Amino acid sequence: MTTSYEQVLDGERRGVLVGALAFAASAAIPGTAPAATPSRPVRKSIEALTSDELRTLEGAVSEMMARSKKDIRDPKGWFMNAESHNEFCAQPGIGGANQIHYCYWFLPWHRAFLAVTERKLREIAKDSSLAFPYWNWSAARSIPDRFSRPESPLSASVRYTPKRALADGEVDLFVNDPIKKALVVAALGASKFVATPQTDPVKLARELADSFGGLPRPNAFGRFGNSRLEGTPHGPIHNYVGGQDENTGAVGDMGDFETAARDPIFFAHHGNLDRLWENWRGRGSNRELEPKGKAFLSHPFSFPWLDGSTVQVTVAETLNLDSMGYQYDTLEVSQIAPAGEFKLEGFSPKTLPPILQADVALPLTPEAASGAPKRYVLLLEGVRSPRRPLTAGVYVSPASNGGNEARILVGNISVVPSGGKYSNLDEVLVFDITAAVGVLKTPQLKVLVIPNSLGGEERRPVKALAFRRARVILD
Ligand code: C2O
């Protein structure tokens with residue numbers, strides 16, 4: 001039996017949850033301003049939950065986990081809920097029919113998955129105000145305590161998290177670029193939602209680097225790739241929480257899309273990404289850039305409901321938080337300490353050796369080339385998968401000093417396995433280095449790619465990153 005998301009809401013209104021939700025009749029019309037519904041449950045930062053709210057959430061998660069322990073196939077259990085993510089994500093390769101990563105289903109699918117999971121917890125807790133908290137990793141640079149206390153179900157998962165804080169590059173913060181620094185999460189600067197499919201890998205990469213939502217599906221060229229947001233910061237947080245076992249090299253739950261949704265922190269990470277999506281939509285007329293066609297809006301996603309039936313959520317429904325039945329306490333990303341002043345308690349930075357070094361010459365200065373303002377864009381071409389989980393910072397420094405000082409972070413690379421496969425590294429990587437060029441003031445640059453430790457690199461060093469060439473072009 002298939003139920004629409006609307007009917008799930010209806011069920012809530014009829015049952016114990018009467019009065020909990022004002023349901024907007026305009027739900028299916030994207031872009032319509034939602035009626036004010038102060039009763040919509042509020043997603044807060046994990047630190048902001050009251051102890052009662054935390055207890056209710058933990059109780060409901062525990063209950064779902066206990067059900068799975070008794071019967072792993074129980075549709076009311078935690079494991080079967082997480083299996084939705086596995087089914088949609090761990091397709092062979094990246095192009096499976098159900099794959100919702102590496103394309104423009106990424107944001108709406110995860111929004112729907114979170115909302116359905118949250119509603120299950122609400123139903124189990126019999127608490128109409130329950131909302132799953134988010135983890136603002138821009139501010140809290142390591143796993144929040146409430147997700148790591150051993151006695152809490154919120155920590156019940158396989159994790160080999162490295163003993164270090166998240167680096168700037170992993171949370172998409174660039175302190176040497178005034179524009180990106182002001183955004184805090186640089187992906188918020190993406191100027192389009194949809195990337196236009198391209199056969200040429202360089203053109204494709206440049207489209208993706210400027211897109212918040214990713215490539216359409218299906219598309220004429222059958223291409224896939226990470227949108228600006230999906231690559232970093234999305235990927236590095238998965239790799240960081242999952243980490244790698246020092247001895248065996250095994251990755252934790254969050255480090256493989258097949259198992260990621262078994263870790264409760266998955267929902268807090270994606271909650272934050274979902275919040276960033278709302279932030280992006282609120283900038284200028286970004287919301288208008290989202291696709292208006294039926295192929296996007298009418299596309300349904302299906303999830304198992306608690307009784308084993310199927311609930312459907314359309315993309316159009318996901319475009320309206322009112323119809324999704326939750327809201328955020330704030331969309332601000334910048335309620336954090338000024339960049340560069342983070343306290344990295346107990347963190348001794350052990351820098352790993354670079355896995356890629358290349359000298360590049362700058363093309364003519366923008367002024368000399370045409371007089372019109374232009375940007376310097378670094379391209380790494382023909383990149384091949386390192387065949388292991390990888391998060392790495394991309395730096396430039398003056399070629400003359402051997403690359404040992406004055407490094408400036410210009411980008412980040414992340415490879416997250418999916419179903420044990422490592423096929424998702426984009427073939428061409430694109431980084432805007434205009435601000436760094438302005439600081440370094442030299443025509444010869446060295447490019448360095450330096451991995452962030454995920455654990456056990458002493459025993460299993462990260463090999464050099466295979467690539468064909470590095471070059472800088474003028475935009
Ligand atoms: Cu579906 Cu963050 O992965």
# chains A, B, ... in the order shown; residues from 1 in each chain; ligands from 1

call {"tool": "select_by_dssp", "arguments": {"residues": "stretch 91-312 of chain A", "states": "strand (DSSP E or B)", "output": "PDB file with N, CA and C atoms, in the first residue's frame"}}
result
ATOM      1  N   TYR A 134      20.114  19.450  14.466  1.00  0.00           N
ATOM      2  CA  TYR A 134      21.186  19.464  13.469  1.00  0.00           C
ATOM      3  C   TYR A 134      22.530  19.686  14.151  1.00  0.00           C
ATOM      4  N   TYR A 160      35.277   5.342  13.634  1.00  0.00           N
ATOM      5  CA  TYR A 160      36.731   5.394  13.873  1.00  0.00           C
ATOM      6  C   TYR A 160      37.192   6.847  13.715  1.00  0.00           C
ATOM      7  N   LYS A 192      24.044  28.938  -9.300  1.00  0.00           N
ATOM      8  CA  LYS A 192      22.930  28.265  -9.967  1.00  0.00           C
ATOM      9  C   LYS A 192      22.545  27.021  -9.182  1.00  0.00           C
ATOM     10  N   PHE A 193      21.341  26.543  -9.407  1.00  0.00           N
ATOM     11  CA  PHE A 193      20.936  25.302  -8.732  1.00  0.00           C
ATOM     12  C   PHE A 193      21.324  24.109  -9.596  1.00  0.00           C
ATOM     13  N   VAL A 194      20.909  24.155 -10.839  1.00  0.00           N
ATOM     14  CA  VAL A 194      21.139  23.023 -11.732  1.00  0.00           C
ATOM     15  C   VAL A 194      22.414  23.238 -12.546  1.00  0.00           C
ATOM     16  N   SER A 211      27.300  24.935  -9.054  1.00  0.00           N
ATOM     17  CA  SER A 211      25.897  24.548  -8.866  1.00  0.00           C
ATOM     18  C   SER A 211      25.662  24.063  -7.439  1.00  0.00           C
ATOM     19  N   PHE A 212      24.549  24.500  -6.870  1.00  0.00           N
ATOM     20  CA  PHE A 212      24.211  24.104  -5.505  1.00  0.00           C
ATOM     21  C   PHE A 212      23.483  22.768  -5.500  1.00  0.00           C
ATOM     22  N   GLY A 213      22.773  22.489  -6.595  1.00  0.00           N
ATOM     23  CA  GLY A 213      21.884  21.324  -6.593  1.00  0.00           C
ATOM     24  C   GLY A 213      22.342  20.135  -7.416  1.00  0.00           C
ATOM     25  N   GLY A 214      23.211  20.346  -8.398  1.00  0.00           N
ATOM     26  CA  GLY A 214      23.711  19.214  -9.176  1.00  0.00           C
ATOM     27  C   GLY A 214      23.098  19.055 -10.555  1.00  0.00           C
ATOM     28  N   GLY A 243      35.767   7.792   9.764  1.00  0.00           N
ATOM     29  CA  GLY A 243      37.182   7.526  10.002  1.00  0.00           C
ATOM     30  C   GLY A 243      37.604   6.153   9.505  1.00  0.00           C
ATOM     31  N   GLN A 244      38.836   5.792   9.813  1.00  0.00           N
ATOM     32  CA  GLN A 244      39.349   4.478   9.406  1.00  0.00           C
ATOM     33  C   GLN A 244      40.026   3.784  10.573  1.00  0.00           C
ATOM     34  N   VAL A 251      36.324   1.253   7.317  1.00  0.00           N
ATOM     35  CA  VAL A 251      35.728   2.584   7.530  1.00  0.00           C
ATOM     36  C   VAL A 251      34.491   2.443   8.417  1.00  0.00           C
ATOM     37  N   PRO A 300       8.461  11.351  -7.543  1.00  0.00           N
ATOM     38  CA  PRO A 300       8.187  10.859  -6.198  1.00  0.00           C
ATOM     39  C   PRO A 300       9.357  10.049  -5.624  1.00  0.00           C
ATOM     40  N   PHE A 301       9.560  10.196  -4.334  1.00  0.00           N
ATOM     41  CA  PHE A 301      10.493   9.319  -3.610  1.00  0.00           C
ATOM     42  C   PHE A 301       9.655   8.462  -2.668  1.00  0.00           C
ATOM     43  N   SER A 302      10.006   7.177  -2.560  1.00  0.00           N
ATOM     44  CA  SER A 302       9.233   6.270  -1.694  1.00  0.00           C
ATOM     45  C   SER A 302      10.063   5.816  -0.505  1.00  0.00           C
ATOM     46  N   PHE A 303       9.395   5.704   0.632  1.00  0.00           N
ATOM     47  CA  PHE A 303      10.049   5.224   1.853  1.00  0.00           C
ATOM     48  C   PHE A 303       9.104   4.267   2.564  1.00  0.00           C
ATOM     49  N   PRO A 304       9.670   3.284   3.267  1.00  0.00           N
ATOM     50  CA  PRO A 304       8.799   2.408   4.048  1.00  0.00           C
ATOM     51  C   PRO A 304       8.271   3.145   5.281  1.00  0.00           C
ATOM     52  N   THR A 310       4.086   1.915   2.128  1.00  0.00           N
ATOM     53  CA  THR A 310       5.046   2.829   1.510  1.00  0.00           C
ATOM     54  C   THR A 310       4.504   4.247   1.556  1.00  0.00           C
ATOM     55  N   VAL A 311       5.357   5.190   1.900  1.00  0.00           N
ATOM     56  CA  VAL A 311       4.917   6.584   1.868  1.00  0.00           C
ATOM     57  C   VAL A 311       5.697   7.310   0.776  1.00  0.00           C
ATOM     58  N   GLN A 312       4.958   8.135   0.039  1.00  0.00           N
ATOM     59  CA  GLN A 312       5.575   8.841  -1.083  1.00  0.00           C
ATOM     60  C   GLN A 312       5.686  10.329  -0.816  1.00  0.00           C
TER      61      GLN A 312
END

call {"tool": "closest_atom_pairs", "arguments": {"of": "chain A", "to": "ligand 1", "cutoff": "8 Å", "atoms": "only C-alpha atoms and all ligand atoms", "output": "Markdown table"}}
result
| residue | atom | partner | partner_atom_place_in_ligand_line | distance |
| --- | --- | --- | --- | --- |
| A:His85 | CA | ligand 1 | 1 (Cu) | 6.2 |
| A:Phe88 | CA | ligand 1 | 1 (Cu) | 7.9 |
| A:Cys89 | CA | ligand 1 | 1 (Cu) | 6.2 |
| A:Ile100 | CA | ligand 1 | 1 (Cu) | 7.3 |
| A:His101 | CA | ligand 1 | 1 (Cu) | 6.3 |
| A:Phe106 | CA | ligand 1 | 1 (Cu) | 7.2 |
| A:His110 | CA | ligand 1 | 1 (Cu) | 6.5 |
| A:Glu230 | CA | ligand 1 | 2 (Cu) | 7.9 |
| A:His234 | CA | ligand 1 | 2 (Cu) | 6.1 |
| A:Gly235 | CA | ligand 1 | 2 (Cu) | 6.8 |
| A:His238 | CA | ligand 1 | 2 (Cu) | 6.6 |
| A:Phe257 | CA | ligand 1 | 3 (O) | 5.7 |
| A:Ala260 | CA | ligand 1 | 3 (O) | 6.9 |
| A:Ala261 | CA | ligand 1 | 3 (O) | 7.8 |
| A:Phe266 | CA | ligand 1 | 2 (Cu) | 7.0 |
| A:His269 | CA | ligand 1 | 2 (Cu) | 7.6 |
| A:His270 | CA | ligand 1 | 2 (Cu) | 6.3 |

call {"tool": "atom_distance", "arguments": {"atom1": "atom CA of A:Glu427", "atom2": "atom CA of A:Leu204"}}
result
9.7 Å

call {"tool": "residues_around", "arguments": {"residues": "A:Glu53", "least_positions_apart": "3", "cutoff": "10 Å", "atoms": "only C-alpha atoms", "output": "list of chain:residue names"}}
result
A:Ala48, A:Leu49, A:Thr50, A:Thr56, A:Leu57, A:Glu58, A:Gly59, A:Asp127, A:Ser129, A:Leu130, A:Ala131, A:Phe132, A:Pro133

call {"tool": "atom_distance", "arguments": {"atom1": "atom CA of A:Leu352", "atom2": "atom CA of A:Pro233"}}
result
20.4 Å

call {"tool": "residues_around", "arguments": {"residues": "A:Ser400", "least_positions_apart": "4", "cutoff": "10 Å", "atoms": "only C-alpha atoms", "output": "mmCIF file with N, CA and C atoms, in the first residue's frame"}}
result
data_model
loop_
_atom_site.group_PDB
_atom_site.id
_atom_site.type_symbol
_atom_site.label_atom_id
_atom_site.label_comp_id
_atom_site.auth_asym_id
_atom_site.auth_seq_id
_atom_site.Cartn_x
_atom_site.Cartn_y
_atom_site.Cartn_z
ATOM 1 N N ASP A 359 53.774 22.219 -10.505
ATOM 2 C CA ASP A 359 54.047 23.636 -10.742
ATOM 3 C C ASP A 359 53.115 24.131 -11.828
ATOM 4 N N ASN A 404 56.850 24.868 0.971
ATOM 5 C CA ASN A 404 56.865 24.550 2.392
ATOM 6 C C ASN A 404 56.268 25.626 3.285
ATOM 7 N N THR A 442 52.733 36.229 -7.335
ATOM 8 C CA THR A 442 53.831 35.623 -8.075
ATOM 9 C C THR A 442 53.253 34.839 -9.247
ATOM 10 N N GLN A 444 54.462 32.185 -10.739
ATOM 11 C CA GLN A 444 54.734 30.738 -10.715
ATOM 12 C C GLN A 444 54.227 30.153 -9.409
ATOM 13 N N LEU A 445 53.322 29.221 -9.511
ATOM 14 C CA LEU A 445 52.747 28.662 -8.290
ATOM 15 C C LEU A 445 53.022 27.179 -8.177
ATOM 16 N N LYS A 446 53.045 26.724 -6.942
ATOM 17 C CA LYS A 446 53.074 25.287 -6.692
ATOM 18 C C LYS A 446 51.702 24.896 -6.151
#

call {"tool": "closest_residue", "arguments": {"among": "A:Ile408, A:Ala190, A:Cys103, A:Ile124", "to": "A:Lys76", "atoms": "only C-alpha atoms"}}
result
A:Ile124

call {"tool": "closest_residue", "arguments": {"among": "A:Ala392, A:Leu273, A:Val313, A:Val449", "to": "A:Glu6", "atoms": "only C-alpha atoms"}}
result
A:Val313

call {"tool": "residues_around", "arguments": {"residues": "A:Glu170", "least_positions_apart": "5", "cutoff": "9 Å", "atoms": "only C-alpha atoms", "output": "ChimeraX atom specification"}}
result
/A:232-237,240,391-393,412-414,452

call {"tool": "atom_distance", "arguments": {"atom1": "atom CA of A:Gly231", "atom2": "atom CA of A:Leu276"}}
result
14.3 Å
